[in-house]
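Participant: Below: one structure in structure tokens.
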Amino acid sequence: MKEKLKAIVDEALSQINASEQLEKLNEIKVAFLGKKGELTSVLKSMKDVAPEDRPMVGQMVNEAREKLESCLEEKKAAFMKKLREEQIKKETIDVTLPATKPMVGHRHPNTIALEEVERIFIGMGYEVVEGPEVEYDYYNFEALNIPANHPAKDEQDTFYVSSDAHSNIVLRTQTSSIQVHEMEKGKLPIRMIAPGRAFRSDEVDATHSPSFHQIEGLVIDKNITFADLKGTLEVFAKEIFGEDTKVKFRPHHFPFTEPSAEMDVSCFKCGGSGCRFCKGEGWIEILGCGMVHPHVLEMSGIDPEEYTGFAFGVGLERIALLKYEIDDMRLLYENDTRFLKQF
């Protein structure tokens, strides 16, 4: 038995030393140490060994197995080291070569315009306030003096969250609802702007989108007049369109302000003389505004006899389109990097 084990070990060692591939080592391991391997066969024949000799034979088999496993591991480690060295030689990296320039993004035109508007109003002492995009009908309409069956609801084609005819939850059609939340807090005076996304059921074209952005402004304090409104918006227009910008106010109607007006700015391309950009009129409509309606103040718990205020609203996309001379609103949302890289 001893001679047989020695012959098996010698043969295995010979094959291990002669092997030149990692796959060959696996074959040797199976041939000698596998379930049907030669050492395993010796163990299976232990029943033919005299009982008194079995411990010695078992020890010899285990020593042979350990020797072969040790040799296999050493040979495998040598193969792996060699393969690693060859891989390092083949995959050498020249760190002096120029790297691939990463694509670095930047702010969207809307974001650039919004940050500029926020900078202007924060500089005048205003606070930037945000609110929910999914809103109760009360805050979106009724608290702004737009009661049930008011024609303004039909004009705005509101997105209702539920198909129920009595649903009172909508996607806000304007960020004015944020102003109502602030007025209800009762912390006066108020000087705020409310930028955010709004939703209306409009067809997508060069100037309309069902999802867009608004910036609503509100001031509530004692002795606020229309002169304060005009002065504030004139400063805003000059800051964003240039010091030579002029403004004019045209009478208009909004349910939540009285009196109400549309504000135009002189064309900053032609200075008001008329050009293609202003369609020959010399003026560009920019926003709507007015003095907060006394009923709106009352519904939010503010005494209109003691406090007055003004409000205004401007489309963020409109500012971006005018400021950067973009002629199609859809370009802002198509994610075309050729267009966005210009800003």
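Residues in the structure tokens are numbered from 1 in each chain, the chains being A, B, ... in the order shown, and ligands are numbered from 1 in the order shown.
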Tyr139 in chain A: which residues within 10 Å, counting only C-alpha atoms, same-chain residues fewer than 6 positions away excluded, as a list in words?
Facilitator: Asn145, Ile146, Ile169, Val170, Arg172, Thr175, Ser176, Ser177, Ile178, Gln179, Val180 and His181 of chain A
Participant: Write the selection just made, keeping N, CA and C atoms, as a PDB file, in the first residue's frame?
Facilitator:
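The resulting file, result29.pdb, is shown below:
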ATOM      1  N   ASN A 145     -60.832  85.639  -5.273  1.00  0.00           N
ATOM      2  CA  ASN A 145     -62.006  86.330  -5.786  1.00  0.00           C
ATOM      3  C   ASN A 145     -62.498  85.732  -7.105  1.00  0.00           C
ATOM      4  N   ILE A 146     -62.280  84.421  -7.256  1.00  0.00           N
ATOM      5  CA  ILE A 146     -62.773  83.718  -8.439  1.00  0.00           C
ATOM      6  C   ILE A 146     -63.713  82.623  -7.929  1.00  0.00           C
ATOM      7  N   ILE A 169     -59.672  69.530  -5.842  1.00  0.00           N
ATOM      8  CA  ILE A 169     -58.208  69.502  -5.864  1.00  0.00           C
ATOM      9  C   ILE A 169     -57.745  69.659  -7.314  1.00  0.00           C
ATOM     10  N   VAL A 170     -56.855  70.610  -7.556  1.00  0.00           N
ATOM     11  CA  VAL A 170     -56.426  70.932  -8.918  1.00  0.00           C
ATOM     12  C   VAL A 170     -54.906  71.040  -8.970  1.00  0.00           C
ATOM     13  N   ARG A 172     -52.293  73.594  -9.716  1.00  0.00           N
ATOM     14  CA  ARG A 172     -52.439  75.060  -9.649  1.00  0.00           C
ATOM     15  C   ARG A 172     -52.244  75.692 -11.023  1.00  0.00           C
ATOM     16  N   THR A 175     -49.237  80.659  -9.419  1.00  0.00           N
ATOM     17  CA  THR A 175     -48.591  80.577  -8.107  1.00  0.00           C
ATOM     18  C   THR A 175     -49.161  81.604  -7.132  1.00  0.00           C
ATOM     19  N   SER A 176     -50.237  82.291  -7.523  1.00  0.00           N
ATOM     20  CA  SER A 176     -50.905  83.224  -6.610  1.00  0.00           C
ATOM     21  C   SER A 176     -51.449  82.509  -5.376  1.00  0.00           C
ATOM     22  N   SER A 177     -51.703  81.191  -5.505  1.00  0.00           N
ATOM     23  CA  SER A 177     -52.203  80.440  -4.353  1.00  0.00           C
ATOM     24  C   SER A 177     -51.216  80.490  -3.189  1.00  0.00           C
ATOM     25  N   ILE A 178     -49.924  80.586  -3.487  1.00  0.00           N
ATOM     26  CA  ILE A 178     -48.911  80.684  -2.436  1.00  0.00           C
ATOM     27  C   ILE A 178     -49.098  81.980  -1.655  1.00  0.00           C
ATOM     28  N   GLN A 179     -49.513  83.032  -2.344  1.00  0.00           N
ATOM     29  CA  GLN A 179     -49.737  84.325  -1.685  1.00  0.00           C
ATOM     30  C   GLN A 179     -50.849  84.214  -0.648  1.00  0.00           C
ATOM     31  N   VAL A 180     -51.902  83.462  -0.986  1.00  0.00           N
ATOM     32  CA  VAL A 180     -53.016  83.297  -0.048  1.00  0.00           C
ATOM     33  C   VAL A 180     -52.537  82.588   1.218  1.00  0.00           C
ATOM     34  N   HIS A 181     -51.743  81.520   1.049  1.00  0.00           N
ATOM     35  CA  HIS A 181     -51.202  80.811   2.217  1.00  0.00           C
ATOM     36  C   HIS A 181     -50.408  81.763   3.113  1.00  0.00           C
TER      37      HIS A 181
END
Participant: Return as number ranges by chain the full set of residues in range 42-269 of chain A whose backbone-based DSSP assignment is strand (DSSP E).
Facilitator: A: 127-128, 134-136, 169-171, 190-199, 211-221, 247-254, 257-266
Participant: With a distance cut-off of 9 Å and only C-alpha atoms, select the neighbouring residues of Ala64 in chain A, excluding the residue or stretch itself and same-chain residues fewer than 3 positions from it, and output the selection as a ChimeraX atom specification.
Facilitator: /A:5-6,8-9,39,59-61,67-69
Participant: Report, in Å with one decimal, the straight-line distance from CA of Asp157 in chain A to CA of Arg200 in chain A.
Facilitator: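 If I compute the distance from CA of Asp157 in chain A to CA of Arg200 in chain A, I get 6.0 Å.
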Participant: May I have the residues within 10 Å of Arg197 in chain A as a list in words, using only C-alpha atoms and disregarding those fewer than 4 positions away in the same chain?
Facilitator: Gly131, Pro132, Glu133, Leu171, Arg172, Thr173, Gln174, Thr175, Ser211, Phe212, His213, Gln214, Ile215, Gly315 and Leu316 of chain A
Participant: Can you tell me, as a list in words, what residues are no more than 7 Å from range 289-305 of chain A when counting only C-alpha atoms, ignoring any on the same chain fewer than 3 positions away?
Facilitator: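 That gives Ala143, Leu144, Asn145, Val180, Met183, Glu184, Phe226, Phe256, Thr257, Glu258, Pro259, Ser260, Ala261, Glu262, Thr308, Gly309, Phe310, Ala311, Phe312 and Gly313 of chain A.
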Participant: Grab the residues selected above and save them as a compact mmCIF listing (two decimals), in the first residue's frame with all heavy atoms.
Facilitator:
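Okay, this is what ended up in out16.txt:
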# COMPACT_ATOMS: atom_id res chain seq x y z
N ALA A 143 -60.28 81.98 -3.00
CA ALA A 143 -59.61 82.97 -2.15
C ALA A 143 -59.01 84.10 -2.96
O ALA A 143 -58.58 85.11 -2.40
CB ALA A 143 -58.51 82.28 -1.33
N LEU A 144 -58.99 83.96 -4.30
CA LEU A 144 -58.49 85.02 -5.18
C LEU A 144 -59.64 85.73 -5.89
O LEU A 144 -59.47 86.29 -6.96
CB LEU A 144 -57.52 84.42 -6.20
CG LEU A 144 -56.22 83.85 -5.60
CD1 LEU A 144 -55.46 83.04 -6.64
CD2 LEU A 144 -55.35 84.99 -5.08
N ASN A 145 -60.83 85.64 -5.27
CA ASN A 145 -62.01 86.33 -5.79
C ASN A 145 -62.50 85.73 -7.10
O ASN A 145 -63.05 86.44 -7.96
CB ASN A 145 -61.74 87.83 -5.96
CG ASN A 145 -63.00 88.66 -5.80
OD1 ASN A 145 -63.92 88.26 -5.10
ND2 ASN A 145 -63.04 89.81 -6.46
N VAL A 180 -51.90 83.46 -0.99
CA VAL A 180 -53.02 83.30 -0.05
C VAL A 180 -52.54 82.59 1.22
O VAL A 180 -52.88 82.98 2.34
CB VAL A 180 -54.17 82.51 -0.70
CG1 VAL A 180 -55.32 82.33 0.29
CG2 VAL A 180 -54.66 83.22 -1.96
N MET A 183 -50.73 85.09 3.30
CA MET A 183 -51.62 86.08 3.93
C MET A 183 -52.36 85.47 5.11
O MET A 183 -52.57 86.13 6.13
CB MET A 183 -52.61 86.63 2.89
CG MET A 183 -51.98 87.58 1.88
SD MET A 183 -53.20 88.48 0.88
CE MET A 183 -53.82 87.15 -0.15
N GLU A 184 -52.75 84.20 4.98
CA GLU A 184 -53.48 83.55 6.06
C GLU A 184 -52.63 83.38 7.33
O GLU A 184 -53.18 83.24 8.42
CB GLU A 184 -54.01 82.19 5.61
CG GLU A 184 -55.20 82.27 4.68
CD GLU A 184 -55.79 80.91 4.36
OE1 GLU A 184 -55.12 79.88 4.63
OE2 GLU A 184 -56.92 80.86 3.86
N PHE A 226 -50.65 102.61 -5.52
CA PHE A 226 -50.30 102.21 -6.89
C PHE A 226 -48.94 102.80 -7.28
O PHE A 226 -48.24 102.23 -8.11
CB PHE A 226 -51.38 102.67 -7.87
CG PHE A 226 -51.41 101.88 -9.14
CD1 PHE A 226 -52.23 100.77 -9.27
CD2 PHE A 226 -50.62 102.24 -10.22
CE1 PHE A 226 -52.25 100.04 -10.45
CE2 PHE A 226 -50.63 101.52 -11.40
CZ PHE A 226 -51.45 100.41 -11.51
N PHE A 256 -58.63 89.41 -8.86
CA PHE A 256 -58.04 89.53 -7.52
C PHE A 256 -57.35 90.86 -7.28
O PHE A 256 -56.77 91.08 -6.23
CB PHE A 256 -57.04 88.38 -7.30
CG PHE A 256 -56.31 87.95 -8.54
CD1 PHE A 256 -55.18 88.60 -8.97
CD2 PHE A 256 -56.80 86.88 -9.29
CE1 PHE A 256 -54.53 88.21 -10.12
CE2 PHE A 256 -56.15 86.48 -10.45
CZ PHE A 256 -55.01 87.15 -10.87
N THR A 257 -57.37 91.77 -8.28
CA THR A 257 -56.79 93.10 -8.08
C THR A 257 -57.76 94.17 -8.59
O THR A 257 -58.52 93.94 -9.53
CB THR A 257 -55.44 93.25 -8.83
OG1 THR A 257 -55.62 92.91 -10.21
CG2 THR A 257 -54.37 92.37 -8.21
N GLU A 258 -57.70 95.34 -7.96
CA GLU A 258 -58.55 96.47 -8.37
C GLU A 258 -57.94 97.77 -7.83
O GLU A 258 -57.84 97.94 -6.61
CB GLU A 258 -59.97 96.28 -7.85
CG GLU A 258 -60.92 97.39 -8.24
CD GLU A 258 -61.06 97.55 -9.75
OE1 GLU A 258 -61.08 96.52 -10.46
OE2 GLU A 258 -61.13 98.70 -10.21
N PRO A 259 -57.47 98.69 -8.66
CA PRO A 259 -57.45 98.59 -10.13
C PRO A 259 -56.37 97.62 -10.61
O PRO A 259 -55.44 97.29 -9.88
CB PRO A 259 -57.13 100.03 -10.56
CG PRO A 259 -56.31 100.57 -9.42
CD PRO A 259 -56.92 99.97 -8.18
N SER A 260 -56.50 97.20 -11.87
CA SER A 260 -55.56 96.26 -12.47
C SER A 260 -54.94 96.86 -13.73
O SER A 260 -55.50 97.78 -14.33
CB SER A 260 -56.27 94.95 -12.84
OG SER A 260 -56.94 94.40 -11.73
N ALA A 261 -53.79 96.34 -14.10
CA ALA A 261 -53.10 96.88 -15.28
C ALA A 261 -52.20 95.82 -15.91
O ALA A 261 -51.80 94.85 -15.26
CB ALA A 261 -52.27 98.10 -14.90
N GLU A 262 -51.94 96.00 -17.19
CA GLU A 262 -50.89 95.26 -17.89
C GLU A 262 -49.70 96.22 -18.02
O GLU A 262 -49.90 97.41 -18.30
CB GLU A 262 -51.34 94.84 -19.29
CG GLU A 262 -52.43 93.78 -19.29
CD GLU A 262 -51.88 92.36 -19.18
OE1 GLU A 262 -50.66 92.24 -18.92
OE2 GLU A 262 -52.65 91.41 -19.36
N THR A 308 -53.21 97.74 2.80
CA THR A 308 -53.39 97.67 1.35
C THR A 308 -52.18 96.93 0.78
O THR A 308 -51.20 96.67 1.48
CB THR A 308 -53.50 99.06 0.70
OG1 THR A 308 -52.36 99.83 1.09
CG2 THR A 308 -54.77 99.76 1.14
N GLY A 309 -52.24 96.64 -0.50
CA GLY A 309 -51.10 95.94 -1.09
C GLY A 309 -51.20 95.87 -2.59
O GLY A 309 -52.22 96.24 -3.19
N PHE A 310 -50.14 95.41 -3.21
CA PHE A 310 -50.16 95.21 -4.66
C PHE A 310 -49.60 93.83 -4.99
O PHE A 310 -48.88 93.23 -4.19
CB PHE A 310 -49.40 96.31 -5.42
CG PHE A 310 -47.92 96.37 -5.14
CD1 PHE A 310 -47.03 95.48 -5.74
CD2 PHE A 310 -47.40 97.35 -4.30
CE1 PHE A 310 -45.65 95.56 -5.51
CE2 PHE A 310 -46.04 97.43 -4.05
CZ PHE A 310 -45.16 96.53 -4.65
N ALA A 311 -49.99 93.36 -6.16
CA ALA A 311 -49.54 92.05 -6.63
C ALA A 311 -49.19 92.15 -8.10
O ALA A 311 -49.70 93.01 -8.82
CB ALA A 311 -50.62 90.99 -6.40
N PHE A 312 -48.34 91.25 -8.54
CA PHE A 312 -47.98 91.19 -9.95
C PHE A 312 -47.59 89.77 -10.30
O PHE A 312 -47.24 88.96 -9.43
CB PHE A 312 -46.82 92.15 -10.28
CG PHE A 312 -45.56 91.88 -9.48
CD1 PHE A 312 -44.60 90.99 -9.92
CD2 PHE A 312 -45.36 92.54 -8.27
CE1 PHE A 312 -43.45 90.75 -9.18
CE2 PHE A 312 -44.21 92.31 -7.52
CZ PHE A 312 -43.25 91.41 -7.98
N GLY A 313 -47.68 89.44 -11.57
CA GLY A 313 -47.32 88.10 -12.03
C GLY A 313 -46.68 88.16 -13.40
O GLY A 313 -47.16 88.86 -14.29
Participant: I'd like the interatomic distance between CA of Val247 in chain A and CA of Asp264 in chain A, to a tenth of an Å.
Facilitator: 5.6 Å
Participant: Do you have, as CSV, the list of residues of range 95-160 of chain A lying at most 10 Å from range 326-342 of chain A, each with its nearest atom pair and that distance in Å to one decimal, counting only C-alpha atoms and ordered by chain then number?
Facilitator:
residue,atom,partner,partner_atom,distance
A:Gly105,CA,A:Lys341,CA,8.5
A:His106,CA,A:Lys341,CA,8.2
A:Arg107,CA,A:Leu340,CA,8.9
A:His108,CA,A:Leu340,CA,7.0
A:Pro109,CA,A:Leu332,CA,7.4
A:Asn110,CA,A:Leu332,CA,7.7
Participant: Dump N, CA, C and O atoms for the selected residues as an mmCIF file, in the first residue's frame?
Facilitator:
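Written out: again17.cif:
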data_model
loop_
_atom_site.group_PDB
_atom_site.id
_atom_site.type_symbol
_atom_site.label_atom_id
_atom_site.label_comp_id
_atom_site.auth_asym_id
_atom_site.auth_seq_id
_atom_site.Cartn_x
_atom_site.Cartn_y
_atom_site.Cartn_z
ATOM 1 N N GLY A 105 -22.238 70.039 -17.498
ATOM 2 C CA GLY A 105 -23.454 70.790 -17.753
ATOM 3 C C GLY A 105 -23.425 72.166 -17.100
ATOM 4 O O GLY A 105 -22.461 72.528 -16.426
ATOM 5 N N HIS A 106 -24.468 72.937 -17.326
ATOM 6 C CA HIS A 106 -24.578 74.250 -16.694
ATOM 7 C C HIS A 106 -26.058 74.575 -16.511
ATOM 8 O O HIS A 106 -26.939 73.786 -16.881
ATOM 9 N N ARG A 107 -26.327 75.715 -15.946
ATOM 10 C CA ARG A 107 -27.706 76.067 -15.635
ATOM 11 C C ARG A 107 -28.561 76.268 -16.903
ATOM 12 O O ARG A 107 -28.081 76.761 -17.903
ATOM 13 N N HIS A 108 -29.826 75.874 -16.777
ATOM 14 C CA HIS A 108 -30.799 76.035 -17.857
ATOM 15 C C HIS A 108 -31.142 77.523 -18.011
ATOM 16 O O HIS A 108 -31.082 78.279 -17.038
ATOM 17 N N PRO A 109 -31.499 77.979 -19.223
ATOM 18 C CA PRO A 109 -31.879 79.388 -19.408
ATOM 19 C C PRO A 109 -32.968 79.845 -18.438
ATOM 20 O O PRO A 109 -32.937 80.975 -17.944
ATOM 21 N N ASN A 110 -33.938 78.975 -18.164
ATOM 22 C CA ASN A 110 -34.972 79.319 -17.182
ATOM 23 C C ASN A 110 -34.368 79.575 -15.807
ATOM 24 O O ASN A 110 -34.755 80.510 -15.100
#
Participant: Using Å and a single decimal, report how far CA of Cys267 in chain A sits from CA of Lys279 in chain A.
Facilitator: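 CA of Cys267 in chain A lies at a distance of 9.8 Å from CA of Lys279 in chain A.
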Participant: Which residues are near Ala194 in chain A? Cut-off 7 Å, only C-alpha atoms, ignore same chain within fewer than 2 positions. Put them as a compact mmCIF listing (two decimals) with N, CA and C atoms, in the first residue's frame.
Facilitator:
# COMPACT_ATOMS: atom_id res chain seq x y z
N VAL A 128 -38.33 84.90 -0.95
CA VAL A 128 -38.74 83.91 -1.95
C VAL A 128 -39.49 82.80 -1.22
N VAL A 129 -40.74 82.55 -1.63
CA VAL A 129 -41.61 81.58 -0.95
C VAL A 129 -42.09 80.54 -1.97
N GLU A 130 -42.14 79.29 -1.53
CA GLU A 130 -42.62 78.21 -2.39
C GLU A 130 -43.88 77.59 -1.79
N THR A 175 -49.24 80.66 -9.42
CA THR A 175 -48.59 80.58 -8.11
C THR A 175 -49.16 81.60 -7.13
N ILE A 178 -49.92 80.59 -3.49
CA ILE A 178 -48.91 80.68 -2.44
C ILE A 178 -49.10 81.98 -1.66
N MET A 192 -42.97 89.48 -0.79
CA MET A 192 -42.59 88.14 -1.24
C MET A 192 -42.74 88.00 -2.75
N GLY A 196 -42.59 79.31 -9.38
CA GLY A 196 -42.92 77.89 -9.40
C GLY A 196 -43.62 77.48 -10.67
N ILE A 215 -43.84 83.69 -11.85
CA ILE A 215 -43.29 84.38 -10.68
C ILE A 215 -44.32 85.40 -10.24
N GLU A 216 -44.97 85.13 -9.13
CA GLU A 216 -45.98 86.04 -8.59
C GLU A 216 -45.35 86.85 -7.45
N GLY A 217 -45.67 88.14 -7.38
CA GLY A 217 -45.16 88.99 -6.32
C GLY A 217 -46.29 89.58 -5.49
